[in-house]
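*Asks:* If you scroll down you'll find the structure; I have some questions about it.
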Amino acid sequence: MPPEPLEPSVGWGVLHLFCRVPAPPVRVEREQVLTAVKQAQADGVGVVSVAVLGHKADLAFMVLGPDLWRLRRFQAELQAAGLELADSYVSLTEVSEYASGVPDAMKEARLHPVLPPEGKPAFCFYPMSKRRGDADGANWYSLPYDRRKELMYAHGAVGREFAGRVLQVVTGSTGIDDWEWGVTLFAVNPDDLKECVYRMRFDEGSARFGEFGPFVTGMVAPTSDVLDAVLGHH
C-alpha cells in the first residue's frame with residue numbers, strides 16, 4: 001500500500017533529475033522509461049523531457065506535481081529502467097513575497113505551471129542564492145523589505161523585456177536543497193537564454209547579491225525523441 005500523499009500546503013513539488021546512460025553491458029529499457037512518463041502524466045504529474053548538451057548529463061526530466069511520494073516513485077522507475085542519476089534538484093513552486101499583489105491568474109501560473117511551454121524548445125536550469133556577505137558587505141538578508149522589493153521589481157522589469165521569447169520558472173528550495181532557488185528557462189532560441197541571463201546580471205539585485213550554481217543546457221522534446229537522441233542503438 002503506497003504511503004499517504006505528502007503535499008505542500010501551497011503549490012507543487014518540483015524534481016529535476018539529470019540522468020546518464022550507463023556503459024554497456026547495462027541497458028536502458030526504453031519502453032520502461034516511456035511507460036513511467038505516461039503513467040506519471042496520467043496521474044497528473046507534469047513531465048518535461050530534455051536532451052542535455054555537454055558532459056553533465058545525457059538527459060533530464062523536470063517533474064512537478066502535488067505529491068512528493070509520486071515524484072519519488074517516478075525517480076525510482078527511471079532508475080529501474082536502467083538510467084543512472086548524475087545529479088538532481090528539489091524545490092517547490094511558489095509566489096515570491098515580492099509578488100503577493102499580482103493578479104490571481106499570475107499566481108496560478110507560478111504555483112501550477114503548465115509545462116513545457118509550446119514553441120520554446122531551448123532549455124537551461126541553474127540554482128541560485130542571494131549573497132549573505134562578502135568583501136563589500138553585500139548581505140541581501142540585512143536589507144529592509146522595501147529595498148529588497150524595489151530591487152526585485154527592477155530585476156523583473158528586465159526579465160519582462162523577454163516576454164514571448166523566454167519563460168522563466170523560479171522555484172523555491174531554501175531548506176530543502178543546497179541553494180535557495182532553482183531557475184528553469186525555456187526559450188525560443190538558444191541565444192535567447194544567453195541574452196536574458198546576461199542582461200539580468202547587470203541589475204543591482206544580481207550584480208551585488210546574486211550567486212549562481214552550475215548551468216545545465218539542452219533541448220526540450222517528446223520523451224521518445226529525447227531517448228532516440230541519447231540512446232541511439234544502445
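Chain lettering (A, B, ...) mirrors the order of the C-alpha cells, residue numbering begins at 1 for each chain separately, and ligand numbering begins at 1 in order of display.
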Report as CSV: every residue of region 127-163 of chain A with an atom at most 8 Å from region 197-217 of chain A, its closest pair of atoms, and their distance in Å to one decimal, counting only C-alpha atoms, with rows sorted by chain and ascending residue number.

*Replies:*
```
residue,atom,partner,partner_atom,distance
A:Pro127,CA,A:Gly213,CA,5.1
A:Met128,CA,A:Phe212,CA,4.4
A:Ser129,CA,A:Glu211,CA,5.2
A:Lys130,CA,A:Gly210,CA,5.0
A:Arg131,CA,A:Phe209,CA,4.8
A:Arg132,CA,A:Phe209,CA,7.9
A:Ala138,CA,A:Phe209,CA,6.4
A:Asn139,CA,A:Phe209,CA,7.0
A:Trp140,CA,A:Phe209,CA,6.1
A:Leu151,CA,A:Gly205,CA,5.4
A:Met152,CA,A:Gly205,CA,6.5
A:Ala154,CA,A:Asp203,CA,7.1
A:His155,CA,A:Asp203,CA,6.1
A:Val158,CA,A:Met200,CA,6.0
A:Gly159,CA,A:Met200,CA,6.8
```

*Asks:* Please dump the current selection as an mmCIF file, in the first residue's frame; keep C-alpha atoms.

*Replies:*
```
data_model
loop_
_atom_site.group_PDB
_atom_site.id
_atom_site.type_symbol
_atom_site.label_atom_id
_atom_site.label_comp_id
_atom_site.auth_asym_id
_atom_site.auth_seq_id
_atom_site.Cartn_x
_atom_site.Cartn_y
_atom_site.Cartn_z
ATOM 1 C CA PRO A 127 20.364 27.096 -8.978
ATOM 2 C CA MET A 128 20.984 30.414 -7.258
ATOM 3 C CA SER A 129 21.082 32.087 -3.873
ATOM 4 C CA LYS A 130 21.221 35.621 -2.523
ATOM 5 C CA ARG A 131 24.541 36.692 -1.018
ATOM 6 C CA ARG A 132 24.827 36.914 2.747
ATOM 7 C CA ALA A 138 26.611 42.833 0.427
ATOM 8 C CA ASN A 139 24.065 40.957 2.515
ATOM 9 C CA TRP A 140 20.645 40.583 0.908
ATOM 10 C CA LEU A 151 15.493 45.638 -6.360
ATOM 11 C CA MET A 152 13.365 42.630 -7.276
ATOM 12 C CA ALA A 154 13.870 46.217 -11.250
ATOM 13 C CA HIS A 155 15.178 42.680 -11.792
ATOM 14 C CA VAL A 158 14.482 43.312 -17.263
ATOM 15 C CA GLY A 159 13.024 39.811 -17.470
#
```

*Asks:* Let me make sure I understand: among A:Leu17, A:Leu59, A:Val26, A:Ala42, which one has the smallest atom-to-atom distance to Val230 (chain A) if we use only C-alpha atoms?

*Replies:*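 Looking only at the distances to Val230 (chain A), the closest residue turns out to be A:Leu59.
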
*Asks:* Tell me, as number ranges by chain, which residues lie within 9 Å of Ala40 (chain A), counting only C-alpha atoms; anything in the same chain fewer than 3 positions away does not count.

*Replies:* A: 35-37, 43-47, 63, 70-71, 74

*Asks:* Per residue of region 88-149 of chain A within 8 Å of region 180-194 of chain A, record the nearest atom pair and its distance in Å to one decimal, counting only C-alpha atoms, with rows in chain order and ascending residue number, as a Markdown table.

*Replies:*
```
| residue | atom | partner | partner_atom | distance |
| --- | --- | --- | --- | --- |
| A:Tyr89 | CA | A:Gly182 | CA | 7.7 |
| A:Ser91 | CA | A:Gly182 | CA | 6.8 |
| A:Pro116 | CA | A:Phe186 | CA | 7.9 |
| A:Pro117 | CA | A:Phe186 | CA | 7.3 |
| A:Gly119 | CA | A:Val188 | CA | 6.2 |
| A:Lys120 | CA | A:Val188 | CA | 4.2 |
| A:Pro121 | CA | A:Val188 | CA | 6.2 |
| A:Ala122 | CA | A:Ala187 | CA | 4.9 |
| A:Phe123 | CA | A:Phe186 | CA | 4.8 |
| A:Cys124 | CA | A:Leu185 | CA | 5.3 |
| A:Phe125 | CA | A:Thr184 | CA | 4.5 |
| A:Tyr126 | CA | A:Val183 | CA | 5.4 |
| A:Pro127 | CA | A:Gly182 | CA | 4.3 |
| A:Met128 | CA | A:Trp181 | CA | 5.4 |
| A:Ser129 | CA | A:Glu180 | CA | 4.9 |
| A:Lys130 | CA | A:Glu180 | CA | 7.6 |
```

*Asks:* As a ChimeraX atom specification, please: all residues of region 60-173 of chain A that backbone DSSP puts in alpha helix (DSSP H).

*Replies:* /A:68-80,104-111,145-160

*Asks:* Keeping C-alpha atoms, export the residues of the selection given above as an mmCIF file, in the first residue's frame.

*Replies:*
```
data_model
loop_
_atom_site.group_PDB
_atom_site.id
_atom_site.type_symbol
_atom_site.label_atom_id
_atom_site.label_comp_id
_atom_site.auth_asym_id
_atom_site.auth_seq_id
_atom_site.Cartn_x
_atom_site.Cartn_y
_atom_site.Cartn_z
ATOM 1 C CA LEU A 68 6.239 14.199 -3.286
ATOM 2 C CA TRP A 69 5.841 10.419 -2.955
ATOM 3 C CA ARG A 70 4.662 10.274 -6.579
ATOM 4 C CA LEU A 71 7.710 12.253 -7.713
ATOM 5 C CA ARG A 72 9.929 9.831 -5.787
ATOM 6 C CA ARG A 73 8.226 6.893 -7.460
ATOM 7 C CA PHE A 74 8.976 8.376 -10.870
ATOM 8 C CA GLN A 75 12.621 8.704 -9.879
ATOM 9 C CA ALA A 76 12.690 5.029 -8.843
ATOM 10 C CA GLU A 77 11.047 3.976 -12.117
ATOM 11 C CA LEU A 78 13.730 5.728 -14.171
ATOM 12 C CA GLN A 79 16.433 4.014 -12.152
ATOM 13 C CA ALA A 80 14.692 0.647 -12.523
ATOM 14 C CA ASP A 104 -4.656 35.638 -9.346
ATOM 15 C CA ALA A 105 -4.002 34.320 -12.863
ATOM 16 C CA MET A 106 -0.295 35.112 -12.491
ATOM 17 C CA LYS A 107 -0.194 33.448 -9.071
ATOM 18 C CA GLU A 108 -1.835 30.344 -10.531
ATOM 19 C CA ALA A 109 0.723 30.217 -13.353
ATOM 20 C CA ARG A 110 3.549 30.287 -10.812
ATOM 21 C CA LEU A 111 2.061 27.755 -8.411
ATOM 22 C CA TYR A 145 11.939 44.638 2.867
ATOM 23 C CA ASP A 146 11.041 47.744 0.837
ATOM 24 C CA ARG A 147 14.577 47.939 -0.584
ATOM 25 C CA ARG A 148 14.571 44.244 -1.479
ATOM 26 C CA LYS A 149 11.194 44.663 -3.163
ATOM 27 C CA GLU A 150 12.478 47.636 -5.164
ATOM 28 C CA LEU A 151 15.493 45.638 -6.360
ATOM 29 C CA MET A 152 13.365 42.630 -7.276
ATOM 30 C CA TYR A 153 10.953 44.791 -9.239
ATOM 31 C CA ALA A 154 13.870 46.217 -11.250
ATOM 32 C CA HIS A 155 15.178 42.680 -11.792
ATOM 33 C CA GLY A 156 11.759 41.523 -13.003
ATOM 34 C CA ALA A 157 11.426 44.506 -15.340
ATOM 35 C CA VAL A 158 14.482 43.312 -17.263
ATOM 36 C CA GLY A 159 13.024 39.811 -17.470
ATOM 37 C CA ARG A 160 9.743 41.133 -18.809
#
```

*Asks:* Enumerate the residues of region 21-188 of chain A with a DSSP assignment of strand (DSSP E or B), computed from the backbone, and present them as a short mmCIF file (atom, residue, chain, number, x, y, z; two decimals) with C-alpha atoms, in the first residue's frame.

*Replies:*
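This is the output file part-v3.cif:
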```cif
data_model
loop_
_atom_site.label_atom_id
_atom_site.label_comp_id
_atom_site.auth_asym_id
_atom_site.auth_seq_id
_atom_site.Cartn_x
_atom_site.Cartn_y
_atom_site.Cartn_z
CA GLY A 46 3.87 17.35 -15.34
CA VAL A 47 6.89 15.88 -17.14
CA VAL A 48 9.42 17.81 -19.22
CA SER A 49 11.96 15.69 -21.15
CA VAL A 50 15.28 17.24 -22.14
CA ALA A 51 18.23 16.04 -24.23
CA VAL A 52 21.21 17.55 -22.41
CA LEU A 59 19.10 13.61 -20.47
CA ALA A 60 16.98 15.34 -17.87
CA PHE A 61 13.44 15.23 -16.59
CA MET A 62 11.69 18.06 -14.80
CA VAL A 63 8.68 16.63 -12.99
CA LEU A 64 6.19 18.56 -10.90
CA GLY A 65 3.02 17.70 -9.05
CA GLU A 84 21.73 6.48 -13.65
CA LEU A 85 21.27 9.70 -11.69
CA ALA A 86 24.11 12.16 -12.29
CA ASP A 87 22.53 14.96 -10.25
CA SER A 88 19.18 16.24 -9.04
CA TYR A 89 17.46 19.29 -7.61
CA VAL A 90 14.46 19.52 -5.27
CA SER A 91 12.26 22.61 -4.99
CA LEU A 92 8.67 23.85 -4.64
CA THR A 93 6.63 26.19 -6.81
CA ALA A 122 15.72 25.72 -25.75
CA PHE A 123 16.23 24.85 -22.07
CA CYS A 124 18.54 25.65 -19.21
CA PHE A 125 18.47 25.16 -15.47
CA TYR A 126 20.60 26.71 -12.75
CA PRO A 127 20.36 27.10 -8.98
CA MET A 128 20.98 30.41 -7.26
CA SER A 129 21.08 32.09 -3.87
CA LYS A 130 21.22 35.62 -2.52
CA VAL A 166 11.75 33.30 -22.66
CA LEU A 167 9.60 31.69 -19.96
CA GLN A 168 11.19 31.72 -16.52
CA VAL A 169 10.05 29.26 -13.85
CA VAL A 170 11.54 30.10 -10.44
CA THR A 171 11.02 27.51 -7.71
CA GLY A 172 11.97 27.81 -4.05
CA TRP A 181 16.03 28.85 -5.75
CA GLY A 182 16.03 26.75 -8.88
CA VAL A 183 15.64 28.70 -12.13
CA THR A 184 14.37 26.90 -15.23
CA LEU A 185 14.34 28.83 -18.50
CA PHE A 186 12.53 27.84 -21.70
CA ALA A 187 13.32 29.88 -24.80
#
```

*Asks:* Between A:Met1, A:Glu31, A:Cys19, A:Asp228, which has the minimum distance to Lys56 (chain A) (counting only C-alpha atoms)?

*Replies:* A:Cys19

*Asks:* By how many Å are CA of Val10 (chain A) and CA of Asp67 (chain A) apart?

*Replies:* 11.7 Å
